[in-house]
Amino acid sequence: EYKSYLSRMFLYHLTLQRATAIYTCIHGNFTGTKQQEVVVSRGKILEILKIDQNTGKVMQLYSTEVFGTIRSLIPFRLTGGSKDYIVVGSDSGKITILEYNSQKNVFEKVHMEIFGKSGCRRIVPGQYLAVDPKGRAVMIAAIEKQKLVYIMNRDDQARLTISSPLEAHKANTIVFDCCGVDVGFENPTFACLELDYEEADQDPSGEAAHMAQQTLTYYELDLGLNHVVRKYSEPLEDHANILISVPGGNEGPSGVLICSENYITYKNFGDQPDIRCPIPRRRNDLDDPERGMLFVCTATHKTKSMFFFLAQTEQGDIFKITLEVDEDAVTEIKLKYFDTAPVCSAMCVLKTGFLFLASEYGNHYLYQIAHLGEDDDEPEFSSAMPLDEGETFFFQPRPLKNLVLVDEMESFAPILHCNITDLNNEDTPQLYTVCGRGPRSTLRVLRHGLEVSEMAVSDLPGSPNAVWTVRRSIHDEYDSYIVVSFGNATLVLSIGETVEEVTDSGFLGTTPTLSCSSIGNDALLQIYPDGIRHIRSDRRINEWKTPGKKYIVKCAVNQRQVVIALTGGELVYFEMDQTGQLNEYTERKEMNSEVICMALPRVPQGEQRARFLAVGLADDTVRIISLDTSNCLTPLSSQALPARPESLCIVEMGQQDDSGTNSSTMFLNIGISIGVLLRTVMDSVTGELSDTRTRYLGARPVKLFRIPVQGSDAVLAISSRTWLSYYYQSRFHVSPLSYDTLEYACGFSSEQCIQGIVAISSNTLRILALEKLGAVFNQQTMPLKYTPRKFVIDEDSSNMIVIETDHNTFTENSKSQRKQQQAEDMVESADDEHRLEAAKMAEQFLAEDLPEETFSSPKAGTGMWASQIRIVNPSKSDTLEIIKFEQNEAAFSICICQFNNSPIPGATYVVVGTTKDLSIAPRQCSGGFLYTYQLMDEGCHMELVHKTPVDDVPGALCPFQGRLLVGVGKLLRIYDLGKKKLLRKCENKHIPNFVLGIKVTGNRILVSDNQESVHFVKYKAGENALVAFADDTFPRWVTQATMLDYHTTAVADKFGNIAVLRLAQDANENVDEDPTGNKAIWDRGFFETYFSTADDGTNTSIESSF
């Protein structure tokens, strides 16, 4: 039974938030229009983004899972074509060519050719892609050895065709980059950066490896003979990382730019000499001057009359690169400092003047190119300027001048630690995450729901109960009035540059209003308890009064129809004729129960009336009633409900094709009194109800309102929380709004807020906007200084304590000292004549403070660490205290605990594990420390109690039965609180490599090893011993582990696998029957052999099929 239970165990994978990091991006005309789109790869996800030229906002057109890992992307266009295809290199062992179908809003597979094994292998192509600029061929290359070339063409029906692969392999060769060379319409040529390691592989001394040179190799596709030849190879002086294709033919001189360490070089065939220009460096940079400088990403912008390149260094500085050409020969390379932006993994220059920067770590940015940097006073550096070998140019970084930030896409990558709890008492837990790397790190509080932008808030005189917006005419672009109903009056506000009260609108202000709307082409309608007020465009007012002592209790209105419910359950139907007059239907409908709510759909386009009316009754039913002329007010169908209906709303949701075909579905949304929303499909011909879906929204009765969202109808549902049901990107979404509880709402449109919501909350009127549709979480962000490693939460104060640690980084003190030293050297190196000027320059240098999140932090060198502890109030995003460590001391572990032998009963302690002078590979350090702090002032301050030295890296801390479990290197120890330091009480020396994490359940301890999976350990109090009684047989490189129950653990490893491990049944029995552990030791003969292993309950891994 136990084994069969394990065999039936499966893991359900639910993605709460899709990947936000972008690894590569391309741009082109993928929709076939003149607009340019951006296609981005998010690991397993392929997305196409559109940039609104008016607002500068990045909008997602389509996103799809590819069920594999995307390794490379490149756009491709056939000669004479107007639409770009997408070539995808993945881990599937296939080359895939996709076409974006804008009508279906999908990526369609044009070709998928298999050439090798699946997986990210060194010799299987897919890592690099290059296309012939004229669209005749594609090269797909592996990191090592294999390169394949495919010929692209059209068939007689103008469909894309692909040839069989042509091999261009070369054994014992590593490829660093490749690109297509623009040779016009001659045979397609590809350039590759290669390194032959055959001699180095056979030389045991390592001298050949040290002397190995990169080569620039050209491969030519002979279209006549249909094969690829290795045309030319040339050794390079410097190790290079990027190749840039230079436009050729009538547009440029052809050739390639080679980006290498400290230099950029132009090369071409024939008599063209090499042109070499050093990469400029920052003046008075704190970086090590011996450290080389690299370009990390580039972009090309080409028009019919000019071209230029943008290249970004690893510090974030962007340079504009141009070539001086004389009779098709390049004479100069010119570099000019353009601007500085956060370091990105890919960049795209669009023809509309936008620059898109995609980052693997941190947010992504969209900039408007305001200037091309041609008319400013920024110095221009040229290869023609005389410099000695090893010297370079210097420039002064500055804030943005040529670029203007217009949009920012949020990215969580990488998430380093996460906790789910409700610190703000919001009923719904929040996700507290620390993300990012270096000075771009952040602490983010994620709340489930759509982000709401508050445009305006205004107090109202009294307690309003409803609000509407109306337009004077259907031709008006924006709303004209906001109508607010109170218990005994109605307030009318005009919408313009300001919102002001008006009295000449025609609305009756001395009575509460039940409904208010535009009707017909240019009329207004007000329904109040005693009647209906029809306000014509010429200011004529027609009124209908209720008969006798009856009054109107509920109503429903659309563009041409009005239905009211009188007391006693009597329905009265009105319809507008061709002259704009409201006419009452001759018969009235008596319902057998009191009417609670009603709803009308919109009048379908091209028709005179909506065909159905939905009525919610006090007998817990909803009735669908016909409004067709042939059977008007005849019941068609009904649905029983679990409780009394509170509100109804009929909307059509779905998509409309470009051809005009409407594929939307009509839904009847029912809000009931127990806080549940029901969505039922309503047949648009017969009115039949089917396929009811249920969603619990909150503790209060659900009120429903139809509002416009991006040109389509959506349903706003108000309960104890406010929810939005909408259709977005071919999917239905029901998402809460992260905002205060609302009471009534309506759609709103003005010049300042094109599509928004006007709502009532308490006694205030609020205008809101929803911008980030489709988002699962909205976030509150707080910047951090260094890379956050871990954090803990003090439950008493709801404060967070975060440890931040960065390698290759200066502390603030070291940075200030280095800066001061450079300023002194600057003055001392100047002669007497220029010393005063040098002193001013030194003063400016000391006063300069460029934000490191944009300009990056200076690199201190290997083995240099900076670290600090930060106490944060996450609700207010406030830093309460910062405790800084000395240079080269790094914090890696933290926990909150209470000691049984504490001199202050109930005192809360924070223990932080640090290491000194850590070298990563191999892992070495001069020692470590356990800092013990006591939390003071309600968790807002920490006071150092003592500092305990340890002999290795304290990689994990965990409270355990009033004491402290510590993983020191590969040792597992128990410490207790002492007066001058922590006291070691117990130790286990049998963890194989390094203790990465510790979890505790009862007496059981789960210890994670960084290479050898997890180990179950039990503490024997009688012997004061830590006994390891089970381990995993599979050597997993664990990143995180957690206990699911007393016998089961979930493990994640660095290769993307998740495993659930469960102790074997006999292991549980043996541990329970042998509480001392002596039997296990004597039966096995020696302690190192564990008497049981963990069974692998289930194992899921990310596999590729794309």
# chains A, B, ... in the order shown; residues from 1 in each chain; ligands from 1
>>> residues_around(residues="Gln934 in chain A", least_positions_apart="6", cutoff="9 Å", atoms="only C-alpha atoms", output="VMD selection string")
chain A and resid 907 to 911 941 to 945
>>> write_last_selection(atoms="N, CA, C and O atoms", output="CSV table (one decimal), in the first residue's frame")
chain,number,residue,atom,x,y,z
A,907,ALA,N,12.8,37.2,25.6
A,907,ALA,CA,13.6,38.1,24.7
A,907,ALA,C,13.8,37.4,23.3
A,907,ALA,O,14.0,36.2,23.2
A,908,THR,N,13.7,38.3,22.3
A,908,THR,CA,13.8,37.8,20.9
A,908,THR,C,15.2,38.2,20.4
A,908,THR,O,15.6,39.3,20.5
A,909,TYR,N,15.9,37.2,19.8
A,909,TYR,CA,17.3,37.4,19.4
A,909,TYR,C,17.3,37.1,17.9
A,909,TYR,O,16.6,36.3,17.3
A,910,VAL,N,18.2,37.9,17.2
A,910,VAL,CA,18.5,37.7,15.8
A,910,VAL,C,19.9,37.3,15.7
A,910,VAL,O,20.8,37.9,16.2
A,911,VAL,N,20.2,36.1,15.1
A,911,VAL,CA,21.5,35.6,14.9
A,911,VAL,C,21.8,35.7,13.4
A,911,VAL,O,21.1,35.2,12.5
A,941,HIS,N,15.0,48.2,16.5
A,941,HIS,CA,16.4,48.4,16.8
A,941,HIS,C,17.0,47.0,17.2
A,941,HIS,O,16.4,46.2,17.9
A,942,MET,N,18.3,46.8,16.8
A,942,MET,CA,19.0,45.6,17.3
A,942,MET,C,20.2,46.0,18.0
A,942,MET,O,21.0,46.9,17.6
A,943,GLU,N,20.4,45.3,19.2
A,943,GLU,CA,21.6,45.6,20.0
A,943,GLU,C,22.5,44.4,20.0
A,943,GLU,O,22.0,43.3,20.3
A,944,LEU,N,23.8,44.6,19.7
A,944,LEU,CA,24.7,43.4,19.7
A,944,LEU,C,24.9,42.9,21.1
A,944,LEU,O,25.3,43.6,22.0
A,945,VAL,N,24.7,41.6,21.2
A,945,VAL,CA,25.0,40.9,22.5
A,945,VAL,C,26.4,40.4,22.6
A,945,VAL,O,27.2,40.6,23.5
>>> residues_around(residues="Leu525 in chain A", least_positions_apart="5", cutoff="7 Å", atoms="only C-alpha atoms", output="list in words")
Cys516, Ser517, Ser518, Ile519, Arg533, His534 and Ile535 of chain A
>>> write_last_selection(atoms="all heavy atoms", output="compact mmCIF listing (two decimals), in the first residue's frame")
# COMPACT_ATOMS: atom_id res chain seq x y z
N CYS A 516 -29.73 56.43 -14.09
CA CYS A 516 -29.51 57.61 -14.91
C CYS A 516 -28.65 57.19 -16.08
O CYS A 516 -27.61 56.53 -15.90
CB CYS A 516 -28.83 58.68 -14.07
SG CYS A 516 -28.48 60.17 -14.97
N SER A 517 -29.04 57.55 -17.31
CA SER A 517 -28.27 57.10 -18.47
C SER A 517 -28.61 57.94 -19.69
O SER A 517 -29.58 58.71 -19.68
CB SER A 517 -28.56 55.63 -18.77
OG SER A 517 -29.89 55.47 -19.19
N SER A 518 -27.78 57.77 -20.72
CA SER A 518 -28.09 58.33 -22.03
C SER A 518 -29.02 57.36 -22.73
O SER A 518 -28.90 56.14 -22.59
CB SER A 518 -26.82 58.52 -22.85
OG SER A 518 -25.88 59.30 -22.15
N ILE A 519 -29.95 57.89 -23.53
CA ILE A 519 -30.88 57.04 -24.26
C ILE A 519 -31.10 57.64 -25.64
O ILE A 519 -31.13 58.87 -25.80
CB ILE A 519 -32.21 56.86 -23.49
CG1 ILE A 519 -33.04 55.76 -24.12
CG2 ILE A 519 -32.96 58.17 -23.37
CD1 ILE A 519 -34.19 55.29 -23.25
N ARG A 533 -38.16 60.43 -16.00
CA ARG A 533 -37.94 61.77 -16.55
C ARG A 533 -37.10 61.64 -17.82
O ARG A 533 -35.95 61.25 -17.76
CB ARG A 533 -37.25 62.64 -15.51
CG ARG A 533 -37.20 64.13 -15.83
CD ARG A 533 -36.56 64.86 -14.66
NE ARG A 533 -36.46 66.28 -14.85
CZ ARG A 533 -37.40 67.17 -14.51
NH1 ARG A 533 -38.51 66.74 -13.94
NH2 ARG A 533 -37.23 68.48 -14.70
N HIS A 534 -37.69 61.96 -18.96
CA HIS A 534 -37.04 61.86 -20.27
C HIS A 534 -36.66 63.27 -20.73
O HIS A 534 -37.54 64.09 -21.02
CB HIS A 534 -37.99 61.20 -21.27
CG HIS A 534 -37.36 60.94 -22.61
ND1 HIS A 534 -38.11 60.70 -23.75
CD2 HIS A 534 -36.05 60.88 -22.99
CE1 HIS A 534 -37.29 60.51 -24.77
NE2 HIS A 534 -36.05 60.62 -24.34
N ILE A 535 -35.35 63.55 -20.78
CA ILE A 535 -34.85 64.88 -21.09
C ILE A 535 -34.38 64.89 -22.53
O ILE A 535 -33.38 64.25 -22.88
CB ILE A 535 -33.71 65.28 -20.13
CG1 ILE A 535 -34.16 65.12 -18.68
CG2 ILE A 535 -33.23 66.70 -20.41
CD1 ILE A 535 -33.04 65.16 -17.69
>>> residues_around(residues="Lys401 in chain A", least_positions_apart="5", cutoff="10 Å", atoms="only C-alpha atoms", output="PyMOL selection string")
chain A and resi 338-340+369-373+376
>>> write_last_selection(atoms="N, CA and C atoms", output="short mmCIF file (atom, residue, chain, number, x, y, z; two decimals), in the first residue's frame")
data_model
loop_
_atom_site.label_atom_id
_atom_site.label_comp_id
_atom_site.auth_asym_id
_atom_site.auth_seq_id
_atom_site.Cartn_x
_atom_site.Cartn_y
_atom_site.Cartn_z
N PHE A 338 26.82 58.31 -25.47
CA PHE A 338 25.43 58.62 -25.78
C PHE A 338 24.63 58.86 -24.51
N ASP A 339 24.60 57.88 -23.62
CA ASP A 339 23.89 57.97 -22.34
C ASP A 339 24.25 56.75 -21.52
N THR A 340 23.78 56.72 -20.29
CA THR A 340 23.99 55.56 -19.42
C THR A 340 22.64 55.04 -18.95
N ILE A 369 14.22 58.16 -28.02
CA ILE A 369 15.47 58.80 -28.45
C ILE A 369 15.14 60.24 -28.83
N ALA A 370 15.43 61.16 -27.92
CA ALA A 370 15.09 62.57 -28.14
C ALA A 370 16.11 63.25 -29.05
N HIS A 371 17.39 62.87 -28.93
CA HIS A 371 18.45 63.44 -29.75
C HIS A 371 19.40 62.32 -30.17
N LEU A 372 20.04 62.50 -31.29
CA LEU A 372 21.01 61.53 -31.78
C LEU A 372 22.42 61.84 -31.32
N GLY A 373 22.58 62.88 -30.51
CA GLY A 373 23.88 63.20 -29.96
C GLY A 373 24.84 63.79 -30.97
N ASP A 376 25.63 68.11 -29.73
CA ASP A 376 26.00 68.48 -28.36
C ASP A 376 27.51 68.67 -28.26
#
>>> select_by_dssp(residues="range 59-306 of chain A", states="helix (DSSP H, G or I)", output="MDAnalysis selection string")
chainID A and resid 198:202 207:211
>>> residues_around(residues="range 806-810 of chain A", least_positions_apart="2", cutoff="6 Å", atoms="only C-alpha atoms", output="PyMOL selection string")
chain A and resi 786-787+814-815+859-862+864-866
>>> residues_around(residues="range 433-447 of chain A", least_positions_apart="6", cutoff="10 Å", atoms="only C-alpha atoms", output="mmCIF file with N, CA and C atoms, in the first residue's frame")
data_model
loop_
_atom_site.group_PDB
_atom_site.id
_atom_site.type_symbol
_atom_site.label_atom_id
_atom_site.label_comp_id
_atom_site.auth_asym_id
_atom_site.auth_seq_id
_atom_site.Cartn_x
_atom_site.Cartn_y
_atom_site.Cartn_z
ATOM 1 N N PRO A 342 20.690 51.195 -17.161
ATOM 2 C CA PRO A 342 21.000 49.925 -16.503
ATOM 3 C C PRO A 342 21.464 48.870 -17.501
ATOM 4 N N GLU A 360 18.147 40.838 -17.997
ATOM 5 C CA GLU A 360 17.999 39.528 -17.363
ATOM 6 C C GLU A 360 17.773 39.681 -15.872
ATOM 7 N N TYR A 361 18.288 40.763 -15.291
ATOM 8 C CA TYR A 361 18.134 41.048 -13.864
ATOM 9 C C TYR A 361 17.553 42.442 -13.715
ATOM 10 N N GLY A 362 16.398 42.549 -13.086
ATOM 11 C CA GLY A 362 15.804 43.861 -12.868
ATOM 12 C C GLY A 362 14.809 44.234 -13.952
ATOM 13 N N ASN A 363 14.261 45.435 -13.839
ATOM 14 C CA ASN A 363 13.209 45.895 -14.726
ATOM 15 C C ASN A 363 13.725 46.152 -16.141
ATOM 16 N N SER A 411 10.032 43.559 -13.401
ATOM 17 C CA SER A 411 10.630 42.229 -13.454
ATOM 18 C C SER A 411 11.049 41.821 -12.051
ATOM 19 N N PHE A 412 10.710 40.579 -11.687
ATOM 20 C CA PHE A 412 11.073 40.063 -10.370
ATOM 21 C C PHE A 412 12.426 39.365 -10.386
ATOM 22 N N ALA A 413 12.978 39.131 -11.543
ATOM 23 C CA ALA A 413 14.150 38.258 -11.662
ATOM 24 C C ALA A 413 15.404 38.928 -11.094
ATOM 25 N N PRO A 414 16.209 38.178 -10.345
ATOM 26 C CA PRO A 414 15.855 36.862 -9.791
ATOM 27 C C PRO A 414 15.226 37.016 -8.407
ATOM 28 N N ILE A 415 14.272 36.124 -8.071
ATOM 29 C CA ILE A 415 13.698 36.097 -6.724
ATOM 30 C C ILE A 415 14.616 35.251 -5.850
ATOM 31 N N LEU A 416 15.185 35.855 -4.832
ATOM 32 C CA LEU A 416 16.184 35.187 -4.007
ATOM 33 C C LEU A 416 15.607 34.601 -2.720
ATOM 34 N N HIS A 417 14.504 35.163 -2.244
ATOM 35 C CA HIS A 417 13.872 34.639 -1.032
ATOM 36 C C HIS A 417 12.438 35.129 -1.013
ATOM 37 N N CYS A 418 11.544 34.336 -0.458
ATOM 38 C CA CYS A 418 10.125 34.680 -0.481
ATOM 39 C C CYS A 418 9.463 34.168 0.790
ATOM 40 N N ASN A 419 8.461 34.902 1.255
ATOM 41 C CA ASN A 419 7.671 34.478 2.399
ATOM 42 C C ASN A 419 6.232 34.922 2.172
ATOM 43 N N ILE A 420 5.298 34.083 2.567
ATOM 44 C CA ILE A 420 3.876 34.382 2.377
ATOM 45 C C ILE A 420 3.244 34.550 3.753
ATOM 46 N N GLU A 426 -4.845 42.173 6.091
ATOM 47 C CA GLU A 426 -5.723 42.447 4.953
ATOM 48 C C GLU A 426 -6.615 41.258 4.612
ATOM 49 N N PRO A 736 -9.142 40.444 -8.285
ATOM 50 C CA PRO A 736 -9.516 41.488 -7.324
ATOM 51 C C PRO A 736 -8.769 42.778 -7.618
ATOM 52 N N LEU A 737 -9.320 43.879 -7.182
ATOM 53 C CA LEU A 737 -8.636 45.167 -7.271
ATOM 54 C C LEU A 737 -7.946 45.433 -5.943
ATOM 55 N N SER A 738 -6.698 45.816 -6.003
ATOM 56 C CA SER A 738 -5.967 46.145 -4.779
ATOM 57 C C SER A 738 -6.283 47.595 -4.408
ATOM 58 N N VAL A 776 -1.189 39.474 -12.409
ATOM 59 C CA VAL A 776 -1.710 38.689 -11.284
ATOM 60 C C VAL A 776 -1.506 39.442 -9.972
ATOM 61 N N PHE A 777 -0.368 40.118 -9.865
ATOM 62 C CA PHE A 777 -0.027 40.823 -8.634
ATOM 63 C C PHE A 777 0.217 42.299 -8.926
ATOM 64 N N ASN A 778 -0.113 43.134 -7.973
ATOM 65 C CA ASN A 778 0.424 44.488 -7.978
ATOM 66 C C ASN A 778 1.468 44.541 -6.872
ATOM 67 N N GLN A 779 2.385 45.452 -6.997
ATOM 68 C CA GLN A 779 3.545 45.397 -6.116
ATOM 69 C C GLN A 779 3.893 46.754 -5.532
ATOM 70 N N GLN A 780 4.436 46.667 -4.352
ATOM 71 C CA GLN A 780 4.985 47.822 -3.641
ATOM 72 C C GLN A 780 6.489 47.568 -3.529
ATOM 73 N N THR A 781 7.285 48.476 -4.066
ATOM 74 C CA THR A 781 8.710 48.227 -4.234
ATOM 75 C C THR A 781 9.534 49.148 -3.355
ATOM 76 N N MET A 782 10.590 48.566 -2.782
ATOM 77 C CA MET A 782 11.529 49.337 -1.964
ATOM 78 C C MET A 782 12.943 48.993 -2.414
ATOM 79 N N PRO A 783 13.757 49.974 -2.787
ATOM 80 C CA PRO A 783 15.117 49.665 -3.267
ATOM 81 C C PRO A 783 16.037 49.220 -2.133
ATOM 82 N N LEU A 784 16.977 48.340 -2.475
ATOM 83 C CA LEU A 784 18.008 47.871 -1.548
ATOM 84 C C LEU A 784 19.374 48.197 -2.128
ATOM 85 N N LYS A 785 20.404 48.190 -1.287
ATOM 86 C CA LYS A 785 21.731 48.610 -1.728
ATOM 87 C C LYS A 785 22.530 47.469 -2.339
ATOM 88 N N TYR A 786 22.518 46.303 -1.687
ATOM 89 C CA TYR A 786 23.265 45.144 -2.166
ATOM 90 C C TYR A 786 22.288 44.012 -2.488
ATOM 91 N N THR A 787 22.832 42.933 -3.026
ATOM 92 C CA THR A 787 21.996 41.776 -3.353
ATOM 93 C C THR A 787 21.431 41.163 -2.072
ATOM 94 N N PRO A 788 20.108 41.090 -1.940
ATOM 95 C CA PRO A 788 19.524 40.494 -0.728
ATOM 96 C C PRO A 788 19.682 38.971 -0.764
ATOM 97 N N ARG A 789 20.125 38.403 0.337
ATOM 98 C CA ARG A 789 20.334 36.957 0.391
ATOM 99 C C ARG A 789 19.171 36.251 1.085
ATOM 100 N N LYS A 790 18.802 36.706 2.265
ATOM 101 C CA LYS A 790 17.709 36.105 3.025
ATOM 102 C C LYS A 790 17.070 37.180 3.889
ATOM 103 N N PHE A 791 15.884 36.875 4.380
ATOM 104 C CA PHE A 791 15.260 37.766 5.357
ATOM 105 C C PHE A 791 14.413 36.937 6.321
ATOM 106 N N VAL A 802 16.603 42.018 6.816
ATOM 107 C CA VAL A 802 17.153 41.541 5.547
ATOM 108 C C VAL A 802 18.671 41.587 5.624
ATOM 109 N N GLU A 804 21.965 41.741 3.230
ATOM 110 C CA GLU A 804 22.361 42.072 1.866
ATOM 111 C C GLU A 804 23.867 41.857 1.735
ATOM 112 N N THR A 805 24.269 41.173 0.692
ATOM 113 C CA THR A 805 25.684 40.855 0.499
ATOM 114 C C THR A 805 26.015 40.893 -0.990
ATOM 115 N N ASP A 806 27.120 41.531 -1.327
ATOM 116 C CA ASP A 806 27.579 41.574 -2.718
ATOM 117 C C ASP A 806 29.055 41.240 -2.797
ATOM 118 N N HIS A 807 29.398 40.483 -3.833
ATOM 119 C CA HIS A 807 30.801 40.191 -4.114
ATOM 120 C C HIS A 807 31.338 41.227 -5.102
ATOM 121 N N THR A 809 32.597 44.134 -4.564
ATOM 122 C CA THR A 809 31.963 45.418 -4.251
ATOM 123 C C THR A 809 32.673 46.082 -3.074
ATOM 124 N N PRO A 851 23.745 57.816 -9.195
ATOM 125 C CA PRO A 851 23.002 56.665 -8.623
ATOM 126 C C PRO A 851 23.515 55.339 -9.171
ATOM 127 N N GLU A 852 23.872 54.442 -8.263
ATOM 128 C CA GLU A 852 24.468 53.176 -8.686
ATOM 129 C C GLU A 852 23.465 52.252 -9.348
ATOM 130 N N GLU A 853 22.163 52.418 -9.092
ATOM 131 C CA GLU A 853 21.185 51.555 -9.754
ATOM 132 C C GLU A 853 21.154 51.790 -11.260
ATOM 133 N N THR A 854 21.621 52.958 -11.705
ATOM 134 C CA THR A 854 21.722 53.239 -13.138
ATOM 135 C C THR A 854 23.148 53.126 -13.630
ATOM 136 N N PHE A 855 24.102 53.699 -12.895
ATOM 137 C CA PHE A 855 25.485 53.769 -13.352
ATOM 138 C C PHE A 855 26.329 52.593 -12.867
ATOM 139 N N SER A 856 25.724 51.658 -12.149
ATOM 140 C CA SER A 856 26.356 50.450 -11.608
ATOM 141 C C SER A 856 27.395 50.809 -10.545
ATOM 142 N N SER A 857 27.669 49.844 -9.699
ATOM 143 C CA SER A 857 28.633 50.061 -8.627
ATOM 144 C C SER A 857 30.034 49.717 -9.112
ATOM 145 N N VAL A 872 13.406 46.629 8.180
ATOM 146 C CA VAL A 872 12.462 47.285 7.273
ATOM 147 C C VAL A 872 11.053 47.168 7.839
ATOM 148 N N PRO A 874 7.797 46.823 6.173
ATOM 149 C CA PRO A 874 7.342 46.601 4.793
ATOM 150 C C PRO A 874 6.041 47.306 4.454
ATOM 151 N N SER A 875 5.223 47.604 5.445
ATOM 152 C CA SER A 875 3.953 48.278 5.172
ATOM 153 C C SER A 875 4.178 49.697 4.665
ATOM 154 N N SER A 877 7.349 50.759 3.659
ATOM 155 C CA SER A 877 8.586 50.765 2.869
ATOM 156 C C SER A 877 9.631 51.678 3.492
#
>>> closest_residue(among="A:Thr1039, A:Ser593, A:Thr634, A:Ser63", to="Thr621 in chain A", atoms="only C-alpha atoms")
A:Ser593
>>> residues_around(residues="range 570-574 of chain A", least_positions_apart="4", cutoff="12 Å", atoms="only C-alpha atoms", output="PyMOL selection string")
chain A and resi 519+531-532+534+544-547+550-566+580-598+600+609+612-615+617+625-629+632-634
>>> write_last_selection(atoms="C-alpha atoms", output="tab-separated table (two decimals), in the first residue's frame")
chain	number	residue	atom	x	y	z
A	519	ILE	CA	-30.88	57.04	-24.26
A	531	GLY	CA	-41.56	58.15	-12.20
A	532	ILE	CA	-39.41	58.50	-15.30
A	534	HIS	CA	-37.04	61.86	-20.27
A	544	TRP	CA	-44.16	59.37	-16.69
A	545	LYS	CA	-45.64	59.07	-13.21
A	546	THR	CA	-46.30	55.87	-11.31
A	547	PRO	CA	-49.97	54.92	-10.94
A	550	LYS	CA	-47.19	52.42	-6.28
A	551	TYR	CA	-43.58	53.42	-6.77
A	552	ILE	CA	-40.61	52.14	-8.74
A	553	VAL	CA	-38.34	49.74	-6.83
A	554	LYS	CA	-35.98	48.48	-9.58
A	555	CYS	CA	-35.19	49.33	-13.18
A	556	ALA	CA	-33.07	48.33	-16.17
A	557	VAL	CA	-32.06	50.57	-19.08
A	558	ASN	CA	-30.11	50.30	-22.34
A	559	GLN	CA	-29.82	52.55	-25.39
A	560	ARG	CA	-33.45	52.07	-26.53
A	561	GLN	CA	-35.33	50.16	-23.84
A	562	VAL	CA	-36.51	50.78	-20.28
A	563	VAL	CA	-38.01	48.24	-17.89
A	564	ILE	CA	-39.23	49.22	-14.43
A	565	ALA	CA	-40.52	47.11	-11.56
A	566	LEU	CA	-43.29	48.58	-9.41
A	580	GLY	CA	-37.06	59.36	-30.04
A	581	GLN	CA	-40.25	59.02	-28.02
A	582	LEU	CA	-40.52	56.46	-25.20
A	583	ASN	CA	-43.66	54.36	-25.63
A	584	GLU	CA	-45.13	52.07	-22.99
A	585	TYR	CA	-45.99	48.52	-24.04
A	586	THR	CA	-49.73	47.92	-23.80
A	587	GLU	CA	-49.49	45.00	-21.41
A	588	ARG	CA	-47.78	44.70	-18.07
A	589	LYS	CA	-46.26	41.61	-16.49
A	590	GLU	CA	-47.15	40.50	-12.99
A	591	MET	CA	-44.38	38.48	-11.32
A	592	ASN	CA	-45.27	35.96	-8.62
A	593	SER	CA	-42.67	37.40	-6.23
A	594	GLU	CA	-41.06	40.71	-5.37
A	595	VAL	CA	-38.48	41.93	-7.91
A	596	ILE	CA	-35.02	42.23	-6.36
A	597	CYS	CA	-32.90	43.15	-9.42
A	598	MET	CA	-33.09	43.42	-13.22
A	600	LEU	CA	-30.85	44.40	-19.88
A	609	ARG	CA	-33.96	46.17	-29.41
A	612	PHE	CA	-34.09	39.48	-23.36
A	613	LEU	CA	-34.66	40.81	-19.87
A	614	ALA	CA	-33.22	39.11	-16.76
A	615	VAL	CA	-35.21	39.48	-13.54
A	617	LEU	CA	-36.92	37.52	-7.69
A	625	ILE	CA	-38.18	37.19	-20.16
A	626	SER	CA	-38.56	37.84	-23.88
A	627	LEU	CA	-38.78	41.39	-25.21
A	628	ASP	CA	-39.34	40.31	-28.82
A	629	THR	CA	-42.42	41.81	-30.45
A	632	CYS	CA	-43.11	40.27	-25.42
A	633	LEU	CA	-42.89	39.75	-21.65
A	634	THR	CA	-43.15	35.97	-22.05
>>> atom_distance(atom1="CA of Phe309 in chain A", atom2="CA of Ile321 in chain A")
5.0 Å
>>> atom_distance(atom1="CA of Ile672 in chain A", atom2="CA of Leu460 in chain A")
28.9 Å
>>> atom_distance(atom1="CA of Phe319 in chain A", atom2="CA of Glu374 in chain A")
12.4 Å
>>> residues_around(residues="Arg984 in chain A", least_positions_apart="2", cutoff="12 Å", atoms="only C-alpha atoms", output="list in words")
Leu930, Thr948, Pro949, Val950, Arg963, Leu964, Leu965, Val966, Val968, Leu971, Leu972, Arg973, Ile974, Tyr975, Asp976, Leu977, Gly978, Lys981, Leu982, Cys986, Glu987, Asn988 and Asn1024 of chain A
